[in-house]
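S.K.: Sending over input-v6.cif (mmCIF, C-alpha atoms).
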data_structure
#
loop_
_atom_site.label_atom_id
_atom_site.label_comp_id
_atom_site.auth_asym_id
_atom_site.auth_seq_id
_atom_site.Cartn_x
_atom_site.Cartn_y
_atom_site.Cartn_z
CA MET A 1016 21.85 -8.85 -86.24
CA SER A 1017 23.41 -6.90 -89.10
CA LEU A 1018 26.61 -4.91 -88.59
CA ILE A 1019 26.76 -3.59 -92.15
CA LYS A 1020 26.90 0.20 -91.76
CA PRO A 1021 26.04 -0.07 -88.03
CA MET A 1022 26.19 3.70 -87.39
CA THR A 1023 23.57 4.28 -90.07
CA GLN A 1024 21.31 1.59 -88.62
CA ILE A 1025 21.57 3.04 -85.11
CA LEU A 1026 20.55 6.49 -86.36
CA ILE A 1027 17.64 5.07 -88.37
CA ASP A 1028 16.33 3.00 -85.46
CA GLY A 1029 16.67 5.94 -83.06
CA ARG A 1030 15.43 8.69 -85.33
CA ASP A 1031 12.86 9.83 -82.78
CA VAL A 1032 15.71 10.64 -80.39
CA TRP A 1033 17.43 13.21 -82.59
CA ASP A 1034 15.15 14.25 -85.47
CA HIS A 1035 13.15 17.00 -83.77
CA SER A 1036 13.35 20.76 -83.16
CA GLY A 1037 15.04 20.33 -79.77
CA THR A 1038 18.23 18.99 -81.41
CA ARG A 1039 20.99 21.26 -82.66
CA PRO A 1040 20.54 21.92 -86.41
CA CYS A 1041 24.07 20.76 -87.22
CA VAL A 1042 23.37 17.42 -85.48
CA ARG A 1043 20.18 16.83 -87.48
CA GLU A 1044 21.93 17.78 -90.72
CA ASN A 1045 24.94 15.51 -90.16
CA PHE A 1046 22.88 12.55 -88.96
CA ARG A 1047 20.56 12.91 -91.94
CA LYS A 1048 23.54 13.01 -94.30
CA ILE A 1049 24.97 9.82 -92.79
CA ILE A 1050 21.67 8.00 -93.33
CA GLU A 1051 21.39 9.20 -96.94
CA CYS A 1052 25.07 8.70 -97.84
CA GLY A 1053 25.50 6.31 -100.76
CA THR A 1054 21.75 5.93 -101.32
CA PRO A 1055 19.34 7.08 -104.07
CA ALA A 1056 18.31 9.96 -101.80
CA LEU A 1057 21.44 11.89 -102.88
CA GLY A 1058 21.27 10.95 -106.55
CA TRP A 1059 23.70 8.93 -108.62
CA LEU A 1060 25.87 8.64 -111.70
CA THR A 1061 25.26 5.87 -114.22
CA TYR A 1062 28.22 4.08 -115.82
CA ALA A 1063 28.16 1.42 -118.47
CA SER A 1064 30.46 -0.96 -120.29
CA GLU A 1065 29.59 -3.16 -123.25
CA THR A 1066 27.97 -5.75 -120.99
CA GLU A 1067 27.07 -4.06 -117.69
CA ILE A 1068 25.40 -0.97 -116.24
CA LYS A 1069 26.31 0.33 -112.81
CA ARG A 1070 25.04 3.09 -110.52
CA VAL A 1071 27.50 5.04 -108.37
CA TYR A 1072 25.59 6.84 -105.64
CA HIS A 1073 26.70 10.27 -104.44
CA ARG A 1074 28.34 10.56 -101.04
CA CYS A 1075 27.25 12.98 -98.32
CA LYS A 1076 30.73 14.50 -97.62
CA SER A 1077 29.83 15.07 -93.97
CA ARG A 1078 32.79 15.45 -91.60
CA PHE A 1079 30.96 13.12 -89.20
CA CYS A 1080 30.33 10.37 -91.77
CA PRO A 1081 32.41 7.20 -91.19
CA SER A 1082 32.90 6.72 -94.95
CA CYS A 1083 33.31 10.23 -96.34
CA GLY A 1084 35.41 11.35 -93.39
CA TYR A 1085 37.96 8.64 -94.07
CA ARG A 1086 38.71 9.84 -97.59
CA ALA A 1087 39.00 13.48 -96.42
CA THR A 1088 41.29 12.37 -93.61
CA LEU A 1089 43.70 10.64 -95.96
CA GLN A 1090 43.90 13.73 -98.14
CA TRP A 1091 44.54 15.96 -95.13
CA GLN A 1092 47.38 13.71 -93.96
CA ARG A 1093 49.09 13.86 -97.35
CA GLU A 1094 48.86 17.65 -97.49
CA GLN A 1095 50.06 18.26 -93.93
CA TRP A 1096 53.01 15.90 -94.21
CA THR A 1097 54.32 17.74 -97.28
CA GLN A 1098 53.80 21.22 -95.79
CA LEU A 1099 55.45 20.67 -92.40
CA PRO A 1100 59.26 21.07 -92.38
CA ASP A 1101 61.46 18.21 -91.25
CA VAL A 1102 62.36 19.31 -87.72
CA SER A 1103 62.01 17.77 -84.26
CA TYR A 1104 58.52 17.90 -82.76
CA SER A 1105 56.91 17.30 -79.39
CA GLY A 1106 53.37 16.06 -78.77
CA LEU A 1107 51.34 17.73 -76.03
CA VAL A 1108 47.98 16.90 -74.48
CA PHE A 1109 46.28 19.69 -72.51
CA THR A 1110 43.51 18.52 -70.19
CA MET A 1111 41.36 20.15 -67.50
CA PRO A 1112 39.48 18.98 -64.39
CA GLY A 1113 36.39 16.95 -65.23
CA VAL A 1114 34.06 19.38 -63.45
CA LEU A 1115 34.86 21.99 -66.12
CA TRP A 1116 33.78 19.69 -68.95
CA HIS A 1117 30.14 20.30 -68.09
CA ILE A 1118 30.63 24.07 -68.31
CA PHE A 1119 31.99 23.82 -71.86
CA LYS A 1120 29.36 21.25 -72.82
CA GLU A 1121 26.58 23.63 -71.76
CA ASN A 1122 28.36 26.61 -73.35
CA ARG A 1123 29.52 25.18 -76.66
CA HIS A 1124 30.33 28.61 -78.09
CA LEU A 1125 33.23 28.80 -75.64
CA LEU A 1126 34.84 25.69 -77.15
CA HIS A 1127 35.95 27.77 -80.13
CA ASP A 1128 38.55 29.61 -78.03
CA LEU A 1129 40.10 26.61 -76.27
CA PRO A 1130 42.69 25.91 -79.03
CA THR A 1131 43.74 29.56 -78.91
CA LEU A 1132 44.21 29.40 -75.14
CA GLY A 1133 46.39 26.30 -75.48
CA ALA A 1134 48.44 27.75 -78.32
CA GLU A 1135 48.92 31.02 -76.45
CA ALA A 1136 50.31 29.11 -73.46
CA VAL A 1137 52.93 27.45 -75.69
CA SER A 1138 53.71 30.67 -77.60
CA GLN A 1139 54.12 32.66 -74.40
CA TRP A 1140 56.44 30.03 -72.93
CA MET A 1141 58.63 29.98 -76.04
CA GLU A 1142 58.70 33.77 -76.22
CA ASP A 1143 59.55 34.27 -72.54
CA LYS A 1144 62.24 31.59 -72.45
CA PHE A 1145 63.78 31.69 -75.91
CA LYS A 1146 62.39 34.70 -77.83
CA ALA A 1147 61.37 32.28 -80.56
CA THR A 1148 58.19 31.42 -82.45
CA PRO A 1149 57.40 27.69 -82.91
CA LEU A 1150 55.16 25.80 -85.29
CA ILE A 1151 51.91 24.84 -83.53
CA LEU A 1152 49.14 22.58 -84.78
CA VAL A 1153 46.16 22.04 -82.44
CA VAL A 1154 43.55 19.29 -82.71
CA GLN A 1155 40.59 19.68 -80.36
CA HIS A 1156 38.81 16.64 -78.93
CA THR A 1157 35.57 16.62 -76.96
CA PHE A 1158 35.36 12.93 -76.11
CA GLY A 1159 36.94 10.21 -74.03
CA ARG A 1160 37.15 6.50 -74.76
CA HIS A 1161 33.74 5.94 -73.14
CA LEU A 1162 32.24 8.63 -75.42
CA ASN A 1163 31.86 10.93 -72.42
CA PHE A 1164 32.25 14.67 -73.01
CA ASN A 1165 35.91 15.43 -72.27
CA ALA A 1166 37.24 18.69 -73.69
CA HIS A 1167 41.00 18.53 -74.27
CA LEU A 1168 43.65 19.48 -76.82
CA HIS A 1169 46.24 17.47 -78.75
CA MET A 1170 49.09 19.64 -80.01
CA LEU A 1171 52.07 19.20 -82.31
CA VAL A 1172 54.78 21.73 -81.40
CA SER A 1173 58.18 22.13 -82.99
CA ALA A 1174 61.08 21.58 -80.58
CA GLY A 1175 62.59 24.78 -81.88
CA GLY A 1176 61.56 28.19 -83.08
CA LEU A 1177 62.29 31.05 -85.42
CA ALA A 1178 64.04 34.03 -83.82
CA GLU A 1179 63.15 36.63 -86.43
CA SER A 1180 65.06 39.40 -84.67
CA GLN A 1181 68.23 37.33 -85.05
CA GLY A 1182 67.28 35.84 -88.39
CA ARG A 1183 67.96 32.27 -87.33
CA TRP A 1184 66.28 29.02 -86.38
CA ILE A 1185 66.95 27.87 -82.82
CA GLY A 1186 66.71 24.12 -82.51
CA GLY A 1187 66.79 21.76 -79.55
CA LEU A 1188 64.49 23.85 -77.37
CA TYR A 1189 62.70 22.13 -74.51
CA LEU A 1190 59.13 22.46 -73.30
CA ASN A 1191 58.39 22.27 -69.59
CA PRO A 1192 55.05 20.52 -68.90
CA VAL A 1193 54.78 22.12 -65.45
CA GLY A 1194 55.31 25.64 -66.77
CA LEU A 1195 52.93 25.05 -69.66
CA MET A 1196 50.33 23.62 -67.27
CA LYS A 1197 50.39 26.80 -65.18
CA LEU A 1198 49.95 29.03 -68.22
CA TRP A 1199 47.18 26.80 -69.63
CA LYS A 1200 45.37 26.68 -66.27
CA HIS A 1201 45.61 30.43 -65.81
CA GLY A 1202 44.35 31.05 -69.33
CA VAL A 1203 41.27 28.78 -69.02
CA ILE A 1204 40.22 29.97 -65.55
CA THR A 1205 40.66 33.64 -66.46
CA TYR A 1206 38.73 33.08 -69.66
CA LEU A 1207 35.79 31.48 -67.83
CA ARG A 1208 35.71 34.27 -65.26
CA ARG A 1209 35.61 36.95 -67.93
CA ALA A 1210 32.99 35.05 -69.94
CA PHE A 1211 30.74 34.86 -66.86
CA ALA A 1212 31.28 38.53 -66.01
CA ARG A 1213 30.19 39.50 -69.53
CA GLY A 1214 27.13 37.28 -69.49
CA LEU A 1215 28.55 34.84 -72.06
CA LEU A 1216 28.60 31.86 -69.70
CA LYS A 1217 25.42 30.24 -68.45
CA SER A 1218 25.54 28.04 -65.37
CA ASP A 1219 23.22 26.46 -62.83
CA LEU A 1220 25.62 27.70 -60.17
CA ARG A 1221 25.22 31.05 -58.53
CA SER A 1222 27.93 33.65 -58.99
CA LEU A 1223 29.61 32.92 -55.66
CA GLU A 1224 29.43 29.16 -56.17
CA LEU A 1225 30.99 29.39 -59.63
CA GLU A 1226 33.80 31.59 -58.34
CA GLU A 1227 34.50 29.14 -55.52
CA LEU A 1228 34.62 26.30 -58.04
CA LEU A 1229 37.02 28.12 -60.35
CA SER A 1230 39.22 29.17 -57.43
CA GLU A 1231 39.34 25.60 -56.16
CA LYS A 1232 40.36 24.23 -59.56
CA TYR A 1233 42.96 26.95 -59.96
CA GLU A 1234 44.76 25.67 -56.85
CA VAL A 1235 45.15 22.08 -58.09
CA ASP A 1236 47.52 20.77 -60.73
CA TRP A 1237 46.10 19.97 -64.15
CA HIS A 1238 47.48 17.24 -66.35
CA VAL A 1239 49.69 18.15 -69.29
CA ASP A 1240 51.22 15.15 -71.03
CA MET A 1241 54.24 15.53 -73.29
CA GLU A 1242 55.86 13.11 -75.70
CA LYS A 1243 59.29 14.22 -76.86
CA ASN A 1244 60.59 13.58 -80.35
CA ILE A 1245 57.27 12.56 -81.83
CA SER A 1246 57.32 12.16 -85.61
CA LYS A 1247 54.95 14.30 -87.61
CA ARG A 1248 53.74 11.19 -89.43
CA HIS A 1249 52.79 9.52 -86.14
CA PHE A 1250 50.97 12.60 -84.83
CA LEU A 1251 49.10 13.17 -88.08
CA GLY A 1252 48.11 9.52 -88.19
CA TYR A 1253 46.74 9.68 -84.64
CA ALA A 1254 45.01 13.03 -84.98
CA ALA A 1255 43.50 12.17 -88.36
CA ARG A 1256 41.52 9.28 -86.86
CA TYR A 1257 39.25 11.74 -85.07
CA ILE A 1258 39.13 15.05 -86.93
CA ARG A 1259 36.72 14.04 -89.70
CA ARG A 1260 35.06 10.93 -88.36
CA PRO A 1261 32.79 9.98 -85.45
CA PRO A 1262 34.46 9.54 -82.05
CA ILE A 1263 33.90 5.79 -82.23
CA ALA A 1264 35.07 3.50 -85.02
CA GLN A 1265 32.39 1.28 -86.48
CA HIS A 1266 34.39 -1.89 -85.83
CA ARG A 1267 34.06 -1.19 -82.09
CA LEU A 1268 30.27 -1.55 -82.29
CA GLN A 1269 29.41 -5.12 -81.27
CA GLU A 1270 25.63 -5.18 -80.71
CA ILE A 1271 23.17 -2.62 -82.01
CA ASP A 1272 19.82 -4.41 -82.32
CA GLY A 1273 18.83 -4.65 -78.67
CA PRO A 1274 17.74 -1.97 -76.18
CA THR A 1275 21.40 -1.17 -75.51
CA ILE A 1276 24.34 -0.41 -77.79
CA LYS A 1277 27.38 -2.47 -76.87
CA PHE A 1278 30.84 -1.40 -77.99
CA LEU A 1279 34.47 -2.19 -77.25
CA THR A 1280 36.63 0.15 -75.25
CA LYS A 1281 39.99 0.00 -73.48
CA ASP A 1282 40.20 -0.09 -69.70
CA THR A 1283 43.10 2.22 -68.87
CA GLN A 1284 43.79 0.51 -65.54
CA THR A 1285 43.85 -3.13 -66.63
CA LYS A 1286 44.98 -2.31 -70.21
CA GLU A 1287 42.36 -4.77 -71.47
CA ILE A 1288 39.63 -4.41 -74.08
CA VAL A 1289 36.24 -4.56 -72.36
CA LEU A 1290 32.64 -4.40 -73.50
CA ASP A 1291 30.89 -1.14 -72.67
CA GLU A 1292 27.20 -0.43 -73.15
CA LEU A 1293 24.77 2.47 -73.25
CA SER A 1294 21.06 2.60 -73.89
CA ARG A 1295 20.19 3.51 -77.46
CA GLU A 1296 18.86 6.94 -76.45
CA ILE A 1297 21.88 7.82 -74.33
CA PHE A 1298 24.28 6.54 -77.01
CA ILE A 1299 22.71 8.77 -79.68
CA ARG A 1300 22.54 11.79 -77.37
CA THR A 1301 26.14 11.23 -76.37
CA LEU A 1302 27.18 10.93 -80.01
CA ALA A 1303 25.33 14.16 -80.80
CA ASP A 1304 27.35 16.03 -78.18
CA HIS A 1305 30.47 15.51 -80.30
CA VAL A 1306 29.10 16.78 -83.61
CA PRO A 1307 30.99 20.04 -84.22
CA ASP A 1308 28.96 23.19 -84.69
CA GLN A 1309 28.77 24.65 -88.17
CA TYR A 1310 32.00 26.41 -89.20
CA GLN A 1311 33.78 24.93 -86.16
CA HIS A 1312 37.22 23.74 -87.23
CA SER A 1313 38.74 20.58 -85.79
CA ILE A 1314 42.30 21.68 -86.62
CA ARG A 1315 43.75 25.09 -85.87
CA TYR A 1316 47.16 26.51 -86.78
CA TYR A 1317 49.25 28.93 -84.70
CA GLY A 1318 52.76 30.30 -84.43
CA LEU A 1319 54.62 29.89 -87.70
CA LEU A 1320 51.72 27.80 -89.05
CA ALA A 1321 49.21 30.62 -88.62
CA PRO A 1322 48.04 31.79 -92.08
CA ARG A 1323 49.60 35.28 -91.82
CA ALA A 1324 52.88 34.04 -90.35
CA LYS A 1325 53.07 31.19 -92.85
CA SER A 1326 52.75 33.47 -95.86
CA ARG A 1327 55.30 35.88 -94.41
CA ALA A 1328 57.93 33.68 -92.79
CA PHE A 1329 57.76 30.18 -94.31
CA THR A 1330 60.12 30.96 -97.17
CA LEU A 1331 62.68 32.28 -94.69
CA LEU A 1332 62.13 29.31 -92.40
CA PHE A 1333 62.88 26.71 -95.06
CA LYS A 1334 65.91 28.70 -96.21
CA LEU A 1335 67.32 28.78 -92.67
CA LEU A 1336 66.68 25.06 -92.30
CA GLY A 1337 68.36 24.32 -95.62
CA GLN A 1338 65.26 22.50 -96.83
CA LYS A 1339 63.20 22.77 -99.99
CA ARG A 1340 59.47 23.33 -99.70
CA ARG A 1341 57.49 20.43 -101.07
CA PRO A 1342 54.69 21.22 -103.49
CA ARG A 1343 51.17 20.64 -102.25
CA PRO A 1344 50.13 17.17 -103.48
CA ARG A 1345 47.50 16.98 -106.15
CA ARG A 1346 44.12 15.92 -104.82
CA LEU A 1347 43.41 12.35 -105.79
CA SER A 1348 40.21 11.63 -107.62
CA TYR A 1349 37.69 9.19 -106.20
CA ALA A 1350 38.93 6.41 -108.47
CA GLU A 1351 42.59 7.12 -107.67
CA MET A 1352 41.88 7.15 -103.94
CA MET A 1353 40.04 3.83 -104.14
CA MET A 1354 42.89 2.26 -106.10
CA LYS A 1355 45.61 3.60 -103.80
CA TYR A 1356 44.08 2.59 -100.49
CA PHE A 1357 41.64 -0.20 -101.34
CA LYS A 1358 43.15 -1.69 -104.53
CA LYS A 1359 39.77 -1.43 -106.22
CA ASN A 1360 38.75 0.57 -109.26
CA PRO A 1361 35.04 1.44 -108.93
CA PHE A 1362 34.81 2.22 -112.64
CA LEU A 1363 35.62 -1.26 -113.90
CA ASP A 1364 32.92 -3.86 -114.45
CA SER A 1365 33.07 -7.43 -113.15
CA ARG A 1366 35.17 -8.43 -116.16
CA GLY A 1367 37.68 -5.64 -115.68
CA GLN A 1368 36.39 -3.59 -118.60
CA PRO A 1369 36.29 0.22 -118.23
CA MET A 1370 32.90 1.83 -117.76
CA GLN A 1371 31.90 5.20 -119.20
CA LEU A 1372 29.58 7.81 -117.73
CA ILE A 1373 26.26 7.75 -119.58
CA GLY A 1374 23.91 9.65 -117.29
CA GLN A 1375 23.21 11.18 -113.90
CA CYS A 1376 20.28 11.68 -111.57
CA PHE A 1377 19.94 14.42 -108.99
CA PRO A 1378 17.75 14.15 -105.86
CA THR A 1379 14.37 15.81 -105.99
CA ALA A 1380 14.22 18.90 -103.80
CA ALA A 1381 11.94 18.49 -100.79
#
What does the file become when written as structure tokens?

M.R.:
Amino acid sequence: MSLIKPMTQILIDGRDVWDHSGTRPCVRENFRKIIECGTPALGWLTYASETEIKRVYHRCKSRFCPSCGYRATLQWQREQWTQLPDVSYSGLVFTMPGVLWHIFKENRHLLHDLPTLGAEAVSQWMEDKFKATPLILVVQHTFGRHLNFNAHLHMLVSAGGLAESQGRWIGGLYLNPVGLMKLWKHGVITYLRRAFARGLLKSDLRSLELEELLSEKYEVDWHVDMEKNISKRHFLGYAARYIRRPPIAQHRLQEIDGPTIKFLTKDTQTKEIVLDELSREIFIRTLADHVPDQYQHSIRYYGLLAPRAKSRAFTLLFKLLGQKRRPRPRRLSYAEMMMKYFKKNPFLDSRGQPMQLIGQCFPTAA
């Protein structure tokens, strides 16, 4: 059994499961990129020193690729940490009843609006209670620890807001999980009702059955988890693990050669690491459910972080906070990134001599 690039091997062995016209185009494209990443299929650059010649294969740059996603994630973390002001933050997790997951899974186009619904709940709460606008960063997840489809939101929200009418920053503001839960629940249920009324929501349920389901879930409490005084570094580190990589880390994959894929997961009740397993076909289909649609963003920005508000109010915000805006960090080159995080320069030969670019090869168009 070989666990070198296990995700690639799983996709190669199960190609008949996903590489056909019945699979979403974005899934086929991303899975194909993962298989071809770092291989001659994408072309290469040729480097040479006085004694050695070396090929450096092109990377696929897919957001779902375990390798390429990691480099993009590190860059995103650096940029976000410098752009966010140094204020107190809270971490929120907005969930919904499990029966609604299937509705969003079968109507993926509706997933695009979930971050907006969550952000609107927070913005409305802050406006009604404090007449202030907070900083809101939303990371959307579609998976649980067992790789099941579980639509929920992770949010970083400033524990304060800008009161533009008063021209001041109001700090030390609290967020009420119960109040936010009610606004979030109302927003999602109302959204689903309107989507169905306009023919934008497809369901196996009849109209009356769907309405009964939504009414039933409106009467129960949803779960909104809040962590006070979360550091922006901690949140960015957690969120970054999932925004540009597959929902399962490759080190969790234990057995991939048999009829089932076995992987490690955490049992939330016993708090122990256990071995989970899925058939190869179900594992690949489950993985495909979490590939984001084309142009679907994993991170969304609202409140003072929204593009329009940021360009208009960020200068005032930093002035009120008495802080200096940090410049956006320069993007690290491939060699710099490898040296910084892996202590390895890919452009040195085995003797430590620098290698120069002497040629390149591009893939032949199909």

S.K.: Using only C-alpha atoms and a cutoff of 12 Å, can you tell me which residues are near (48.0, 16.0, -84.1) in the file's coordinates, and write them out as a short mmCIF file (atom, residue, chain, number, x, y, z; two decimals) with C-alpha atoms, keeping the file's coordinate frame?

M.R.:
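File written: point_2.cif
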data_model
loop_
_atom_site.label_atom_id
_atom_site.label_comp_id
_atom_site.auth_asym_id
_atom_site.auth_seq_id
_atom_site.Cartn_x
_atom_site.Cartn_y
_atom_site.Cartn_z
CA TRP A 1091 44.54 15.96 -95.13
CA GLN A 1092 47.38 13.71 -93.96
CA GLN A 1095 50.06 18.26 -93.93
CA TRP A 1096 53.01 15.90 -94.21
CA TYR A 1104 58.52 17.90 -82.76
CA SER A 1105 56.91 17.30 -79.39
CA GLY A 1106 53.37 16.06 -78.77
CA LEU A 1107 51.34 17.73 -76.03
CA VAL A 1108 47.98 16.90 -74.48
CA ILE A 1151 51.91 24.84 -83.53
CA LEU A 1152 49.14 22.58 -84.78
CA VAL A 1153 46.16 22.04 -82.44
CA VAL A 1154 43.55 19.29 -82.71
CA GLN A 1155 40.59 19.68 -80.36
CA HIS A 1156 38.81 16.64 -78.93
CA LEU A 1168 43.65 19.48 -76.82
CA HIS A 1169 46.24 17.47 -78.75
CA MET A 1170 49.09 19.64 -80.01
CA LEU A 1171 52.07 19.20 -82.31
CA VAL A 1172 54.78 21.73 -81.40
CA SER A 1173 58.18 22.13 -82.99
CA GLU A 1242 55.86 13.11 -75.70
CA ILE A 1245 57.27 12.56 -81.83
CA SER A 1246 57.32 12.16 -85.61
CA LYS A 1247 54.95 14.30 -87.61
CA ARG A 1248 53.74 11.19 -89.43
CA HIS A 1249 52.79 9.52 -86.14
CA PHE A 1250 50.97 12.60 -84.83
CA LEU A 1251 49.10 13.17 -88.08
CA GLY A 1252 48.11 9.52 -88.19
CA TYR A 1253 46.74 9.68 -84.64
CA ALA A 1254 45.01 13.03 -84.98
CA ALA A 1255 43.50 12.17 -88.36
CA ARG A 1256 41.52 9.28 -86.86
CA TYR A 1257 39.25 11.74 -85.07
CA ILE A 1258 39.13 15.05 -86.93
CA SER A 1313 38.74 20.58 -85.79
CA ILE A 1314 42.30 21.68 -86.62
CA ARG A 1315 43.75 25.09 -85.87
CA TYR A 1316 47.16 26.51 -86.78
#

S.K.: Fewer than 5 positions away in the same chain doesn't count, so skip those; otherwise give me all residues within 10 Å of Ile1263 in chain A, counting only C-alpha atoms, as a list in words.

M.R.: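 Once the adjacent positions are removed, what remains is Met1022, Pro1081, Phe1158, Gly1159, Arg1160, His1161, Leu1162, Arg1256, Tyr1257, Leu1268, Phe1278, Leu1279, Thr1280 and Leu1302 of chain A.
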
S.K.: When you draw a straight line from CA of Pro1342 in chain A to CA of Tyr1317 in chain A, how long is it in Å?

M.R.: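 These two atoms are separated by 21.0 Å.
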
S.K.: Run the PyMOL selection byres ((chain A and resi 1085) around 10) mentally over the shown coordinates, then write out the matched residues as number ranges by chain, using the chain letters and numbers from the document.

M.R.: A: 1076, 1078-1084, 1086-1091, 1255-1260

S.K.: Interatomic distance between CA of His1201 in chain A and CA of Leu1115 in chain A?

M.R.: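 So the two atoms, CA of His1201 in chain A and CA of Leu1115 in chain A, lie 13.7 Å apart.
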
S.K.: Once the PyMOL selection byres ((chain A and resi 1306) around 9) has been applied to the shown file, what residues remain in the selection, as a list of chain:residue names?

M.R.: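 Taken over the shown coordinates, the PyMOL selection byres ((chain A and resi 1306) around 9) returns A:Cys1041, A:Val1042, A:Asn1045, A:Arg1078, A:Phe1079, A:Pro1261, A:Leu1302, A:Ala1303, A:Asp1304, A:His1305, A:Pro1307, A:Asp1308.
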
S.K.: Can I get the residues of range 1185-1254 of chain A within 7 Å of range 1132-1148 of chain A, each with the closest pair of atoms and their distance in Å to one decimal, using only C-alpha atoms, sorted chain first then ascending number, as a tab-separated table?

M.R.:
residue	atom	partner	partner_atom	distance
A:Leu1195	CA	A:Ala1136	CA	6.1
A:Leu1198	CA	A:Ala1136	CA	5.3
A:Trp1199	CA	A:Ala1136	CA	5.5
A:Gly1202	CA	A:Leu1132	CA	6.0
A:Val1203	CA	A:Leu1132	CA	6.8

S.K.: So what do you get for CA of Gly1058 in chain A versus CA of Leu1363 in chain A, distance-wise?

M.R.: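 So the answer is 20.2 Å.
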
S.K.: Name the residues that the PyMOL selection byres ((chain A and resi 1183) around 10) pulls out of this structure, and write them as a ChimeraX atom specification.

M.R.: /A:1147,1176-1182,1184-1186,1331-1332,1334-1336

S.K.: Write a file of the just-selected residues containing C-alpha atoms, as a PDB file, in the coordinates of the input.

M.R.:
ATOM      1  CA  ALA A1147      61.370  32.280 -80.560  1.00  0.00           C
ATOM      2  CA  GLY A1176      61.560  28.190 -83.080  1.00  0.00           C
ATOM      3  CA  LEU A1177      62.290  31.050 -85.420  1.00  0.00           C
ATOM      4  CA  ALA A1178      64.040  34.030 -83.820  1.00  0.00           C
ATOM      5  CA  GLU A1179      63.150  36.630 -86.430  1.00  0.00           C
ATOM      6  CA  SER A1180      65.060  39.400 -84.670  1.00  0.00           C
ATOM      7  CA  GLN A1181      68.230  37.330 -85.050  1.00  0.00           C
ATOM      8  CA  GLY A1182      67.280  35.840 -88.390  1.00  0.00           C
ATOM      9  CA  TRP A1184      66.280  29.020 -86.380  1.00  0.00           C
ATOM     10  CA  ILE A1185      66.950  27.870 -82.820  1.00  0.00           C
ATOM     11  CA  GLY A1186      66.710  24.120 -82.510  1.00  0.00           C
ATOM     12  CA  LEU A1331      62.680  32.280 -94.690  1.00  0.00           C
ATOM     13  CA  LEU A1332      62.130  29.310 -92.400  1.00  0.00           C
ATOM     14  CA  LYS A1334      65.910  28.700 -96.210  1.00  0.00           C
ATOM     15  CA  LEU A1335      67.320  28.780 -92.670  1.00  0.00           C
ATOM     16  CA  LEU A1336      66.680  25.060 -92.300  1.00  0.00           C
TER      17      LEU A1336
END

S.K.: Tell me which of A:Ala1063, A:Leu1099, A:Ile1050, A:Cys1075 sits closest to Arg1341 in chain A, counting only C-alpha atoms.

M.R.: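 Closest residue, counting only C-alpha atoms: A:Leu1099.
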
S.K.: List the residues sitting within 9 Å of (24.3, 9.4, -108.0) in the file's frame, using all atoms listed in the file, as a ChimeraX atom specification.

M.R.: /A:1053-1061,1070-1074,1375-1378

S.K.: Starting from 5 Å padding per side, set up an axis-aligned box that covers all listed atoms of range 1322-1335 of chain A and hand over centre and edge lengths in Å, one decimal, as AutoDock Vina command-line options.

M.R.:
--center_x 57.7 --center_y 31.3 --center_z -93.8 --size_x 29.3 --size_y 19.2 --size_z 16.8

S.K.: Which one of A:Ile1027, A:Leu1347, A:Leu1215, A:Leu1228 sits closest to Gly1113 in chain A if you count only C-alpha atoms?

M.R.: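 The shortest atom-to-atom distance to Gly1113 in chain A comes from A:Leu1228.
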
S.K.: Could you tell me which of A:Ser1103, A:Thr1023, A:Asn1191, A:Gln1269 comes closest to Gly1175 in chain A if we count only C-alpha atoms?

M.R.: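 For Gly1175 in chain A, the nearest of the given residues is A:Ser1103.
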
S.K.: Counting only C-alpha atoms, which of A:Glu1065, A:Leu1372, A:Ser1348, A:His1117 gets nearest to Ser1218 in chain A?

M.R.: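 Looking only at the distances to Ser1218 in chain A, the closest residue turns out to be A:His1117.
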
S.K.: Neighbouring residues of Gly1037 in chain A were defined as those with any atom within 12 Å, considering all atoms listed in the file; residues of the same chain fewer than 6 positions away were excluded. Please report them as a PyMOL selection string.

M.R.: chain A and resi 1031+1043+1300

S.K.: Grab range 1054-1073 of chain A from that structure and dump C-alpha atoms to a file, as an mmCIF file, in the first residue's frame.

M.R.:
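The resulting file, decode-v4.cif, is reproduced below:
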data_model
loop_
_atom_site.group_PDB
_atom_site.id
_atom_site.type_symbol
_atom_site.label_atom_id
_atom_site.label_comp_id
_atom_site.auth_asym_id
_atom_site.auth_seq_id
_atom_site.Cartn_x
_atom_site.Cartn_y
_atom_site.Cartn_z
ATOM 1 C CA THR A 1054 3.356 15.799 -13.615
ATOM 2 C CA PRO A 1055 4.529 16.137 -17.245
ATOM 3 C CA ALA A 1056 0.880 16.577 -18.255
ATOM 4 C CA LEU A 1057 1.064 20.253 -17.212
ATOM 5 C CA GLY A 1058 4.518 20.925 -18.626
ATOM 6 C CA TRP A 1059 7.703 21.866 -16.825
ATOM 7 C CA LEU A 1060 10.642 24.208 -16.463
ATOM 8 C CA THR A 1061 14.186 22.924 -16.881
ATOM 9 C CA TYR A 1062 16.934 24.175 -14.555
ATOM 10 C CA ALA A 1063 20.598 23.349 -14.655
ATOM 11 C CA SER A 1064 23.778 23.879 -12.681
ATOM 12 C CA GLU A 1065 27.298 22.976 -13.747
ATOM 13 C CA THR A 1066 26.778 19.338 -12.798
ATOM 14 C CA GLU A 1067 23.030 18.648 -12.712
ATOM 15 C CA ILE A 1068 19.826 19.141 -14.686
ATOM 16 C CA LYS A 1069 16.459 19.273 -12.972
ATOM 17 C CA ARG A 1070 12.830 19.466 -14.099
ATOM 18 C CA VAL A 1071 10.326 21.503 -12.075
ATOM 19 C CA TYR A 1072 6.816 20.479 -13.072
ATOM 20 C CA HIS A 1073 4.017 23.040 -13.173
#
